[in-house]
Amino acid sequence: MDWLMEWGVTWAVFLPIVGAAILVLLPRSSEMGIKVVSLVFTGAPLLLGIMLLGPYRASGGIQFEKNIPWIPSINANYHIGVDGISMPLLLLTFLVTFLCMIYALWHLPEPHNPKVFLALCLLLETGMAGTFVALDLVLFFIFWELVLVPMYFLIGLWGGPKREYAAIKFFLYTLFGSVFMLLGFLALYFQSEPNTFDMIQLQSGGVLDISRGLANLIFFGLFLGFAIKVPMWPFHTWLPDAHTEAPTIGSVLLAAILLKMGTYGFLRISIPILPDAAMTFAPLIGALAVIAIIYGALNCLAQVDLKRMIAFSSVGHMGFVMLGIATMTDIGFNAAIYGMISHGVITGMLFFLAGSIHERYHTRDIPELGGMIHQLPMLGGLLAYSAIASLGLPGLAGFWGEVMALLAAYSPIEGLNTGTFRVFMVAGGVGTILTAGYFLWMLQRVNLGTVPAKWEGKVFEDVHPLEMASWAPLLVLILLLGVMPSIVFGVTNDSVLRLIEAIGR
Amino acid sequence: MTLVQGAREFVAPGVDLVALAPELILVAVISGVLLIDLMLPQDKKGLMMPVSALGLLAALGATLFLVGDVRITLSGMFVVDSFAVLFKVIFLLAALLTLALSHDYLKDDEIHHGEYYFLLLCSLLGMMTIASSRDLVAIFVSLELISLPSFVLVGLRKRDLKSNEAALKFFLFGVLSTAIMLFGMSLVYGVTGQTSLVGIASSLTQFPPLREVAILSILFILVGFGFKISAFPFQWWVPDTYEGAPVPIAAFLSVASKTAGFVGLLQILFIGFLGLADIWRPFLAAVAVLTMTFGNLVAIQQKHIIRLLAYSSIGQAGYILIPLAVVGVGTPELNAIAFQASIVYLLIYAFMETGAFACAIAYGRRGGGYFVSDYAGLSARSPGLAIAMTMFLFSLAGIPPLAGWAAKFFVFRALIDGGAYWLAAIMAINTVIALFYYAAVPRQMVFAAPTETRRIEIPWMLSSAIALSAIVVVLIGILPDIFGALARAAAGG
């Protein structure tokens with residue numbers, strides 16, 4: 001057990017990259033072997049993650065810590081650890097990637113080539129998981145950047161018609177944000193005494209002593225990096241293209257996990273290390289979040305492409321997460337983490353469904369579809385279930401994150417203007433109505449009505465067992481999280497309270 | 001009293017042969033190569049390659065023997081310390097890699113082997129001595145020794161008009177800038193009465209010169225180095241020269257020769273002119289910003305891989321130069337951090353740039369062509385070569401976990417420590433711009449459909465050069481402190 005406590009997280013993070021190396025060595029022709037390897041090397045981290053839940057203590061703060069010197073000359077360490085903020089996201093990463101590998105058994109987009117595709121996915125997993133466990137800013141930066149190249153190739157090689165444009169746009173946007181984030185990290189390093197990149201040390205009082213102006217400047221640098229990743233309005237324009245063009249698995253990973261790296265950055269780095277600057281920026285963040293909610297919803301109403309619609313719905317949902325963060329309260333932070341998990345589960349599922357619909361109809365245009373529930377009762381039912389979860393129906397996963405974010409906006413932390421945030425709350429509330437509107441309208445056009453003449457008499461294969469296998473955990477989670485939100489809150493709340501306490505100090 | 005009586009008796013300076021051993025070995029090899037060319041019949045001239053390579057290895061051994069030593073000889077003109085040893089090793093490695101790049105290239109081109117190896121080694125000798133030169137005259141002579149053979153090397157493809165143009169351009173720019181630099185040096189000598197860098201430094205602190213004279217002399221000296229390191233606005237020769245020159249020579253110019261320029265510049269600025277940092281700092285900041293911005297913006301439009309690499313190397317020169325913009329604003333510790341940043345960047349740059357050139361040669365010589373569009377679908381034809389090229393380019397772009405990120409990290413670190421937030425922001429934006437053209441090549445290789453299906457056969461020497469560079473790029477990317485420690489040792493010297 002000692003081994004697990006000490007090295008479990010490290011193994012879980014790096015096993016996928018080992019798997020990727022093995023895949024490179026395997027011959028291209030042994031497709032089954034390639035898929036088995038990728039299953040094993042994503043399944044093992046998931047298993048390790050679940051095993052870690054055993055010794056995990058919700059009240060224990062940072063656990064499974066490992067801190068060894070890495071680049072002594074700049075005092076950067078291999079410092080990792082998990083707490084209530086990162087644990088759910090880490091597990092989500094392992095789960096979703098594993099499910100993607102199952103889905104890959106059923107279907108891989110053209111130009112096929114499972115060896116490279118799966119190796120890139122594995123590389124991506126190490127980057128994502130590493131981001132959630134890193135407690136050193138340089139290490140965090142490395143993992144953060146590690147996801148860029150695999151995602152660039154996933155979109156660019158296996159994507160839709162405008163894939164190259166979408167891929168380079170994604171790459172350039174994110175890199176733009178991350179270089180400024182890196183400058184912010186370096187500024188933190190030189191402003192701290194003793195100079196350190198350690199997130200935990202930087203949070204503790206007295207290490208970082210800086211003027212208000214500089215704190216705001218650094219916060220802005222980090223903000224650029226994180227806000228582009230989330231993405232917050234007006235930095236979101238890479239997202240619809242990337243999501244729409246990416247292959248199904250790419251979209252799922254992008255929506256379910258990659259976006260959370262941005263919001264996680266706010267919770268793990270910006271706010272705890274620079275709480276005063278965060279207070280200054282909170283109204284701006286709240287305003288941008290609300291704009292994203294309304295703007296995302298309005299865009300969804302106008303979308304024709306199903307996948308693009310789901311992409312814009314992500315903009316709105318991440319807006320709720322950011323609204324929760326902007327309130328700087330425990331309810332808001334809990335709502336944000338909950339929102340990240342539920343968005344990961346639900347939107348990941350929706351992208352799976354969009355991919356599977358495209359596989360059957362070879363189109364995703366909402367006006368061209370219709371009456372799917374008659375032809376594909378199972379797939380149509382799942383789409384309805386996920387869409388309704390996404391619009392925030394009580395009893396399903398989407399509900400708690402949104403309602404609690406709005407609740408938190410009603411009474412933000414002392415020092416923030418209550419009136420402003422109540423306006424945000426009302427606007428966010430309007431957003432939920434619009435969200436319900438576009439999802440229901442989409443369901444009406446896709447699922448209901450009569451089957452268009454074009455599809456009349458066509459026989460489609462309903463949900464394949466492999467599809468079901470990859471979706472079932474998500475479907476269960478959508479319901480489970482909806483009826484028992486304590487699964488997440490139980491893990492997060494204690495760490496959130498610590499965070500609030502640290503900010504107050 | 002006659003003039004003769006007044007003059008001091010001339011004492012020949014002591015010569016430390018151990019300190020000079022690497023250079024002496026090199027001189028022997030150069031003579032050997034020349035003799036082989038003269039005496040042996042045409043079919044035996046293949047010997048020159050192994051002789052040169054063995055000679056370089058021997059010089060490398062002699063250099064490594066000096067690790068940790070500090071030796072001062074030739075009246076203080078020639079100093080062996082960790083800084084000198086580090087760069088001598090880099091120059092020798094770069095020369096070895098250039099040999100590996102050249103072997104296959106020379107076989108099918110009408111280039112005279114004897115001249116080629118002779119000139120290459122002569123240029124290398126200049127680099128070896130510049131790393132140890134702590135005297136204006138020695139630095140000048142070394143620079144000339146580097147430049148003159150390269151003028152000829154660039155023009156070795158005699159029947160190619162582009163090569164002729166390249167050599168002429170290179171020569172005219174080189175001679176003009178050297179003349180200006182020499183004038184600057186003479187001004188310094190006039191003011192201080194010294195040619196040794198240490199002497200200049202102490203004289204400058206004791207008798208501060210007129211500001212105007214100091215500015216003029218520093219500016220003139222910077223012109224000479226600006227040409228060598230291809231800094232704006234002295235970079236105009238670079239793209240044409242790289243394109244026209246034999247490609248291994250272009251690699252040699254962009255790696256070894258440029259590094260040598262930086263080595264000379266760093267020594268002059270940090271040993272001789274540290275006291276005048278207030279004067280040269282703003283110039284260097286402006287030059288660095290213009291260099292990187294110009295290089296990166298123009299690189300975007302390039303269709304020819306060598307020209308793309310040429311402009312990229314201009315952009316990279318800006319990154320190497322920019323840490324000097326914080327020298328003298330803070331503590332000596334900050335100066336050391338800036339110095340280390342430039343050195344780490346140079347070390348990492350040497351490997352990623354050589355790797356990229358090696359890949360370009362491997363593909364270009366085997367019928368692939370030198371245009372970016374020729375790289376279409378390479379990943380399907382030769383996945384290994386495509387992966388290697390992608391790695392080197394993404395490393396140049398600074399994407400972790402490849403070594404380039406560490407290079408940029410050390411530079412950003414110096415800038416932020418020196419409070420140069422604006423410069424850091426400009427460099428950050430440049431990094432993003434640069435990704436656009438670096439990614440353009442992998443985009444062709446991976447996303448575009450191949451026009452041919454033939455696999456690319458790469459000769460073993462070339463592929464081992466690529467492999468070595470790739471290993472360094474990955475290893476240093478994960479453990480950057482290996483180079484960090486070397487740079488720290490060099491800064492201590």
# chains A, B, ... in the order shown; residues from 1 in each chain; ligands from 1
>>> closest_atom_pairs(of="chain B", to="chain A", cutoff="9 Å", atoms="only C-alpha atoms", output="Markdown table")
| residue | atom | partner | partner_atom | distance |
| --- | --- | --- | --- | --- |
| B:Phe394 | CA | A:Val149 | CA | 8.9 |
| B:Ile399 | CA | A:Glu145 | CA | 6.8 |
| B:Pro400 | CA | A:Ile142 | CA | 5.7 |
| B:Pro401 | CA | A:Ile142 | CA | 6.3 |
| B:Trp405 | CA | A:Ile142 | CA | 8.8 |
| B:Phe409 | CA | A:Leu182 | CA | 8.4 |
| B:Phe410 | CA | A:Ile74 | CA | 8.7 |
| B:Phe412 | CA | A:Leu183 | CA | 7.0 |
| B:Arg413 | CA | A:Leu186 | CA | 6.2 |
| B:Ile416 | CA | A:Ala187 | CA | 6.0 |
| B:Asp417 | CA | A:Phe190 | CA | 6.1 |
| B:Gly419 | CA | A:Ala187 | CA | 8.8 |
| B:Tyr421 | CA | A:Leu183 | CA | 8.4 |
| B:Ala424 | CA | A:Leu183 | CA | 7.3 |
| B:Ala425 | CA | A:Phe180 | CA | 7.3 |
| B:Ala428 | CA | A:Val179 | CA | 5.7 |
| B:Ile429 | CA | A:Phe176 | CA | 7.0 |
| B:Thr431 | CA | A:Val179 | CA | 7.9 |
| B:Val432 | CA | A:Phe176 | CA | 5.7 |
| B:Ile433 | CA | A:Leu172 | CA | 8.1 |
| B:Leu435 | CA | A:Leu172 | CA | 7.2 |
| B:Phe436 | CA | A:Leu172 | CA | 7.3 |
| B:Ala439 | CA | A:Ile168 | CA | 8.0 |
| B:Arg443 | CA | A:Glu164 | CA | 7.9 |
| B:Val446 | CA | A:Leu157 | CA | 7.3 |
| B:Phe447 | CA | A:Leu157 | CA | 5.8 |
| B:Leu479 | CA | A:Ile71 | CA | 6.8 |
| B:Pro480 | CA | A:Ile71 | CA | 6.8 |
| B:Asp481 | CA | A:Ile71 | CA | 5.3 |
| B:Ile482 | CA | A:Ile71 | CA | 8.8 |
| B:Gly484 | CA | A:Ser73 | CA | 6.8 |
| B:Ala485 | CA | A:Ser73 | CA | 7.2 |
| B:Arg488 | CA | A:Ser73 | CA | 8.6 |
>>> write_last_selection(atoms="N, CA and C atoms", output="CSV table (one decimal), in the first residue's frame")
chain,number,residue,atom,x,y,z
B,394,PHE,N,9.4,21.7,-33.8
B,394,PHE,CA,8.7,22.1,-32.6
B,394,PHE,C,9.6,22.5,-31.5
B,399,ILE,N,8.2,24.2,-28.0
B,399,ILE,CA,7.1,23.4,-27.5
B,399,ILE,C,7.6,22.3,-26.5
B,400,PRO,N,7.2,22.3,-25.2
B,400,PRO,CA,7.7,21.2,-24.4
B,400,PRO,C,7.1,19.9,-24.8
B,401,PRO,N,7.7,18.8,-24.4
B,401,PRO,CA,8.9,18.6,-23.6
B,401,PRO,C,10.2,18.6,-24.4
B,405,TRP,N,12.0,24.5,-25.3
B,405,TRP,CA,11.3,25.2,-24.2
B,405,TRP,C,12.2,25.7,-23.1
B,409,PHE,N,12.8,29.2,-21.8
B,409,PHE,CA,12.5,29.4,-20.4
B,409,PHE,C,13.6,30.2,-19.7
B,410,PHE,N,14.9,29.8,-20.0
B,410,PHE,CA,16.0,30.5,-19.3
B,410,PHE,C,16.0,32.0,-19.8
B,412,PHE,N,13.4,33.9,-20.8
B,412,PHE,CA,12.3,34.5,-20.1
B,412,PHE,C,12.6,34.8,-18.7
B,413,ARG,N,13.3,33.8,-18.1
B,413,ARG,CA,13.7,34.0,-16.7
B,413,ARG,C,14.6,35.2,-16.5
B,416,ILE,N,12.4,38.4,-17.0
B,416,ILE,CA,11.5,38.8,-15.9
B,416,ILE,C,12.3,39.2,-14.7
B,417,ASP,N,13.4,38.5,-14.4
B,417,ASP,CA,14.2,38.8,-13.3
B,417,ASP,C,14.7,40.3,-13.4
B,419,GLY,N,13.2,42.6,-14.8
B,419,GLY,CA,12.0,43.5,-14.9
B,419,GLY,C,11.7,44.0,-16.3
B,421,TYR,N,9.6,43.4,-18.6
B,421,TYR,CA,8.3,42.8,-18.9
B,421,TYR,C,7.9,43.0,-20.3
B,424,ALA,N,9.8,40.7,-22.6
B,424,ALA,CA,9.3,39.4,-22.4
B,424,ALA,C,8.0,39.2,-23.2
B,425,ALA,N,7.2,40.2,-23.1
B,425,ALA,CA,5.9,40.1,-23.9
B,425,ALA,C,6.1,40.1,-25.4
B,428,ALA,N,7.3,36.8,-26.3
B,428,ALA,CA,6.2,35.8,-26.2
B,428,ALA,C,5.4,35.8,-27.5
B,429,ILE,N,5.1,37.0,-27.9
B,429,ILE,CA,4.3,37.2,-29.1
B,429,ILE,C,5.1,36.6,-30.3
B,431,THR,N,7.1,34.2,-30.2
B,431,THR,CA,7.1,32.7,-30.1
B,431,THR,C,5.8,32.2,-30.8
B,432,VAL,N,4.7,32.9,-30.6
B,432,VAL,CA,3.5,32.5,-31.2
B,432,VAL,C,3.5,32.6,-32.7
B,433,ILE,N,4.1,33.7,-33.2
B,433,ILE,CA,4.2,33.9,-34.6
B,433,ILE,C,5.1,32.8,-35.2
B,435,LEU,N,5.6,29.8,-34.3
B,435,LEU,CA,5.0,28.5,-34.4
B,435,LEU,C,4.3,28.3,-35.7
B,436,PHE,N,3.7,29.4,-36.2
B,436,PHE,CA,2.9,29.3,-37.4
B,436,PHE,C,3.8,28.8,-38.6
B,439,ALA,N,5.2,25.1,-37.7
B,439,ALA,CA,4.2,24.1,-37.9
B,439,ALA,C,3.8,23.9,-39.4
B,443,ARG,N,2.9,20.3,-41.1
B,443,ARG,CA,1.5,20.3,-41.7
B,443,ARG,C,1.6,19.6,-43.1
B,446,VAL,N,2.5,15.8,-42.7
B,446,VAL,CA,1.5,14.9,-42.1
B,446,VAL,C,0.1,15.0,-42.7
B,447,PHE,N,-0.3,16.3,-43.0
B,447,PHE,CA,-1.7,16.4,-43.5
B,447,PHE,C,-1.8,16.3,-45.0
B,479,LEU,N,15.4,17.0,-18.9
B,479,LEU,CA,16.4,17.3,-17.9
B,479,LEU,C,17.3,18.5,-18.3
B,480,PRO,N,16.7,19.7,-18.3
B,480,PRO,CA,17.4,20.9,-18.9
B,480,PRO,C,18.6,21.3,-18.0
B,481,ASP,N,18.6,20.8,-16.8
B,481,ASP,CA,19.7,21.2,-15.9
B,481,ASP,C,21.1,20.7,-16.3
B,482,ILE,N,21.1,19.7,-17.2
B,482,ILE,CA,22.4,19.3,-17.7
B,482,ILE,C,23.1,20.4,-18.4
B,484,GLY,N,22.0,23.5,-18.1
B,484,GLY,CA,22.0,24.6,-17.1
B,484,GLY,C,23.3,24.6,-16.3
B,485,ALA,N,23.7,23.4,-15.8
B,485,ALA,CA,24.9,23.4,-15.0
B,485,ALA,C,26.1,23.7,-15.8
B,488,ARG,N,26.2,27.4,-16.0
B,488,ARG,CA,26.6,28.0,-14.8
B,488,ARG,C,28.1,27.9,-14.6
>>> residues_around(residues="B:Pro50", least_positions_apart="2", cutoff="12 Å", atoms="only C-alpha atoms", output="list in words")
Val29, Gly32, Val33, Ile36, Lys44, Lys45, Gly46, Leu47, Met48, Ser52, Ala53, Leu54, Gly55, Leu56, Leu57, Leu96, Leu99, Ala100, His103 and Tyr117 of chain B
>>> select_by_dssp(residues="stretch 53-285 of chain B", states="strand (DSSP E or B)", output="PDB file with N, CA, C and O atoms, in the first residue's frame")
ATOM      1  N   ARG B  71      43.901  27.928 -17.513  1.00  0.00           N
ATOM      2  CA  ARG B  71      45.256  28.186 -17.994  1.00  0.00           C
ATOM      3  C   ARG B  71      45.267  29.495 -18.753  1.00  0.00           C
ATOM      4  O   ARG B  71      44.378  29.758 -19.572  1.00  0.00           O
ATOM      5  N   ILE B  72      46.281  30.296 -18.471  1.00  0.00           N
ATOM      6  CA  ILE B  72      46.405  31.573 -19.163  1.00  0.00           C
ATOM      7  C   ILE B  72      47.766  31.594 -19.830  1.00  0.00           C
ATOM      8  O   ILE B  72      48.774  31.330 -19.185  1.00  0.00           O
ATOM      9  N   THR B  73      47.787  31.877 -21.106  1.00  0.00           N
ATOM     10  CA  THR B  73      49.064  31.846 -21.811  1.00  0.00           C
ATOM     11  C   THR B  73      49.105  32.931 -22.875  1.00  0.00           C
ATOM     12  O   THR B  73      48.128  33.671 -23.050  1.00  0.00           O
ATOM     13  N   PHE B  78      45.336  34.370 -24.491  1.00  0.00           N
ATOM     14  CA  PHE B  78      44.714  33.074 -24.714  1.00  0.00           C
ATOM     15  C   PHE B  78      44.413  32.443 -23.359  1.00  0.00           C
ATOM     16  O   PHE B  78      45.316  32.184 -22.581  1.00  0.00           O
ATOM     17  N   VAL B  79      43.147  32.245 -23.088  1.00  0.00           N
ATOM     18  CA  VAL B  79      42.743  31.734 -21.786  1.00  0.00           C
ATOM     19  C   VAL B  79      41.927  30.466 -21.972  1.00  0.00           C
ATOM     20  O   VAL B  79      41.046  30.410 -22.821  1.00  0.00           O
ATOM     21  N   VAL B  80      42.259  29.451 -21.204  1.00  0.00           N
ATOM     22  CA  VAL B  80      41.445  28.235 -21.200  1.00  0.00           C
ATOM     23  C   VAL B  80      40.714  28.174 -19.876  1.00  0.00           C
ATOM     24  O   VAL B  80      41.345  28.092 -18.828  1.00  0.00           O
ATOM     25  N   SER B 133      40.045  33.599 -26.830  1.00  0.00           N
ATOM     26  CA  SER B 133      40.648  34.917 -27.023  1.00  0.00           C
ATOM     27  C   SER B 133      40.132  35.918 -26.005  1.00  0.00           C
ATOM     28  O   SER B 133      38.926  36.118 -25.894  1.00  0.00           O
ATOM     29  N   ASP B 135      41.426  39.121 -25.980  1.00  0.00           N
ATOM     30  CA  ASP B 135      42.183  40.262 -26.452  1.00  0.00           C
ATOM     31  C   ASP B 135      41.578  40.692 -27.781  1.00  0.00           C
ATOM     32  O   ASP B 135      41.220  39.847 -28.605  1.00  0.00           O
ATOM     33  N   SER B 196      43.929  44.067 -24.406  1.00  0.00           N
ATOM     34  CA  SER B 196      43.397  42.934 -23.635  1.00  0.00           C
ATOM     35  C   SER B 196      42.070  43.347 -22.981  1.00  0.00           C
ATOM     36  O   SER B 196      41.930  44.493 -22.534  1.00  0.00           O
TER      37      SER B 196
END
>>> residues_around(residues="stretch 242-254 of chain B", least_positions_apart="2", cutoff="7 Å", atoms="only C-alpha atoms", output="ChimeraX atom specification")
/B:98,101-102,153-155,157,162-163,166,238-240,256-258,306-307,310,313,354,357,361
>>> write_last_selection(atoms="C-alpha atoms", output="JSON list (two decimals), in the first residue's frame")
[["chain", "number", "residue", "atom", "x", "y", "z"],
["B", 98, "THR", "CA", 28.91, 18.93, -40.31],
["B", 101, "LEU", "CA", 26.22, 15.96, -43.09],
["B", 102, "SER", "CA", 28.79, 16.62, -45.81],
["B", 153, "LEU", "CA", 33.12, 27.43, -48.83],
["B", 154, "VAL", "CA", 29.87, 29.18, -49.71],
["B", 155, "GLY", "CA", 31.00, 29.56, -53.31],
["B", 157, "ARG", "CA", 29.38, 25.02, -56.03],
["B", 162, "LYS", "CA", 23.15, 31.06, -56.87],
["B", 163, "SER", "CA", 26.26, 29.82, -55.15],
["B", 166, "ALA", "CA", 25.75, 33.78, -52.26],
["B", 238, "VAL", "CA", 21.70, 35.26, -44.64],
["B", 239, "PRO", "CA", 18.84, 33.83, -46.73],
["B", 240, "ASP", "CA", 20.62, 34.13, -50.08],
["B", 256, "ALA", "CA", 28.99, 26.95, -35.50],
["B", 257, "SER", "CA", 29.77, 30.26, -37.12],
["B", 258, "LYS", "CA", 26.89, 32.04, -35.47],
["B", 306, "ILE", "CA", 16.59, 26.42, -46.40],
["B", 307, "ARG", "CA", 15.32, 29.99, -46.61],
["B", 310, "ALA", "CA", 17.62, 30.90, -42.55],
["B", 313, "SER", "CA", 17.85, 31.28, -37.46],
["B", 354, "THR", "CA", 21.78, 20.96, -36.80],
["B", 357, "PHE", "CA", 19.38, 20.96, -41.35],
["B", 361, "ILE", "CA", 19.68, 17.44, -46.33]]
>>> atom_distance(atom1="atom CA of B:Leu148", atom2="atom CA of B:Leu74")
24.0 Å
>>> residues_around(residues="A:Ala242", least_positions_apart="5", cutoff="9 Å", atoms="only C-alpha atoms", output="MDAnalysis selection string")
chainID A and resid 155 159 163 165:167 169:170 251 254 311
>>> write_last_selection(atoms="N, CA, C and O atoms", output="PDB file, in the first residue's frame")
ATOM      1  N   ILE A 155      -6.752  16.657 -34.515  1.00  0.00           N
ATOM      2  CA  ILE A 155      -7.704  17.446 -35.301  1.00  0.00           C
ATOM      3  C   ILE A 155      -7.260  17.499 -36.761  1.00  0.00           C
ATOM      4  O   ILE A 155      -8.037  17.295 -37.681  1.00  0.00           O
ATOM      5  N   GLY A 159      -9.687  15.017 -38.714  1.00  0.00           N
ATOM      6  CA  GLY A 159     -10.806  15.927 -38.571  1.00  0.00           C
ATOM      7  C   GLY A 159     -11.662  16.046 -39.804  1.00  0.00           C
ATOM      8  O   GLY A 159     -11.484  15.323 -40.796  1.00  0.00           O
ATOM      9  N   ARG A 163     -10.177  20.831 -41.309  1.00  0.00           N
ATOM     10  CA  ARG A 163      -9.399  20.380 -40.164  1.00  0.00           C
ATOM     11  C   ARG A 163      -8.086  21.140 -39.981  1.00  0.00           C
ATOM     12  O   ARG A 163      -7.720  21.466 -38.857  1.00  0.00           O
ATOM     13  N   TYR A 165      -7.193  24.180 -40.792  1.00  0.00           N
ATOM     14  CA  TYR A 165      -7.432  25.515 -40.263  1.00  0.00           C
ATOM     15  C   TYR A 165      -7.772  25.429 -38.778  1.00  0.00           C
ATOM     16  O   TYR A 165      -7.205  26.143 -37.945  1.00  0.00           O
ATOM     17  N   ALA A 166      -8.667  24.510 -38.440  1.00  0.00           N
ATOM     18  CA  ALA A 166      -9.090  24.386 -37.044  1.00  0.00           C
ATOM     19  C   ALA A 166      -7.924  23.978 -36.163  1.00  0.00           C
ATOM     20  O   ALA A 166      -7.767  24.473 -35.042  1.00  0.00           O
ATOM     21  N   ALA A 167      -7.068  23.082 -36.682  1.00  0.00           N
ATOM     22  CA  ALA A 167      -5.964  22.570 -35.869  1.00  0.00           C
ATOM     23  C   ALA A 167      -4.966  23.668 -35.557  1.00  0.00           C
ATOM     24  O   ALA A 167      -4.565  23.853 -34.400  1.00  0.00           O
ATOM     25  N   LYS A 169      -5.424  26.843 -35.660  1.00  0.00           N
ATOM     26  CA  LYS A 169      -6.073  27.892 -34.865  1.00  0.00           C
ATOM     27  C   LYS A 169      -6.040  27.503 -33.391  1.00  0.00           C
ATOM     28  O   LYS A 169      -5.697  28.305 -32.525  1.00  0.00           O
ATOM     29  N   PHE A 170      -6.392  26.257 -33.127  1.00  0.00           N
ATOM     30  CA  PHE A 170      -6.343  25.756 -31.753  1.00  0.00           C
ATOM     31  C   PHE A 170      -4.945  25.899 -31.179  1.00  0.00           C
ATOM     32  O   PHE A 170      -4.740  26.406 -30.066  1.00  0.00           O
ATOM     33  N   SER A 251     -13.125  15.388 -30.016  1.00  0.00           N
ATOM     34  CA  SER A 251     -14.109  16.311 -29.446  1.00  0.00           C
ATOM     35  C   SER A 251     -14.432  15.937 -28.016  1.00  0.00           C
ATOM     36  O   SER A 251     -14.551  16.799 -27.146  1.00  0.00           O
ATOM     37  N   LEU A 254     -11.559  16.812 -25.788  1.00  0.00           N
ATOM     38  CA  LEU A 254     -11.452  18.270 -25.729  1.00  0.00           C
ATOM     39  C   LEU A 254     -12.516  18.831 -24.793  1.00  0.00           C
ATOM     40  O   LEU A 254     -12.220  19.622 -23.890  1.00  0.00           O
ATOM     41  N   ALA A 311     -20.845  22.376 -29.372  1.00  0.00           N
ATOM     42  CA  ALA A 311     -19.638  23.152 -29.060  1.00  0.00           C
ATOM     43  C   ALA A 311     -20.023  24.485 -28.440  1.00  0.00           C
ATOM     44  O   ALA A 311     -19.464  24.894 -27.420  1.00  0.00           O
TER      45      ALA A 311
END
>>> residues_around(residues="B:Phe83", least_positions_apart="3", cutoff="7 Å", atoms="only C-alpha atoms", output="short mmCIF file (atom, residue, chain, number, x, y, z; two decimals) with N, CA, C and O atoms, in the first residue's frame")
data_model
loop_
_atom_site.label_atom_id
_atom_site.label_comp_id
_atom_site.auth_asym_id
_atom_site.auth_seq_id
_atom_site.Cartn_x
_atom_site.Cartn_y
_atom_site.Cartn_z
N LEU B 86 33.90 24.66 -22.85
CA LEU B 86 32.51 24.32 -23.22
C LEU B 86 32.28 24.63 -24.70
O LEU B 86 31.76 23.79 -25.45
N PHE B 87 32.68 25.81 -25.12
CA PHE B 87 32.39 26.16 -26.51
C PHE B 87 33.31 25.46 -27.50
O PHE B 87 32.90 25.17 -28.62
N ALA B 490 30.32 27.75 -16.88
CA ALA B 490 30.97 28.67 -17.82
C ALA B 490 30.86 30.11 -17.32
O ALA B 490 31.78 30.91 -17.48
N ALA B 491 29.73 30.45 -16.72
CA ALA B 491 29.55 31.81 -16.24
C ALA B 491 30.48 32.08 -15.05
O ALA B 491 30.92 33.21 -14.84
N GLY B 493 33.46 31.12 -14.79
CA GLY B 493 34.83 31.30 -15.26
C GLY B 493 35.15 32.72 -15.69
O GLY B 493 34.35 33.60 -15.63
#
>>> residues_around(residues="A:Gly160", least_positions_apart="2", cutoff="8 Å", atoms="only C-alpha atoms", output="list in words")
Trp158, Lys162, Arg163, Thr244, Glu245, Ala246 and Pro247 of chain A
>>> select_by_dssp(residues="stretch 271-467 of chain B", states="alpha helix (DSSP H)", output="PyMOL selection string")
chain B and resi 277-299+305-321+332-363+378-381+383-397+404-417+421-438+440-442+460-467
>>> atom_distance(atom1="atom CA of B:Leu486", atom2="atom CA of B:Ile130")
18.8 Å
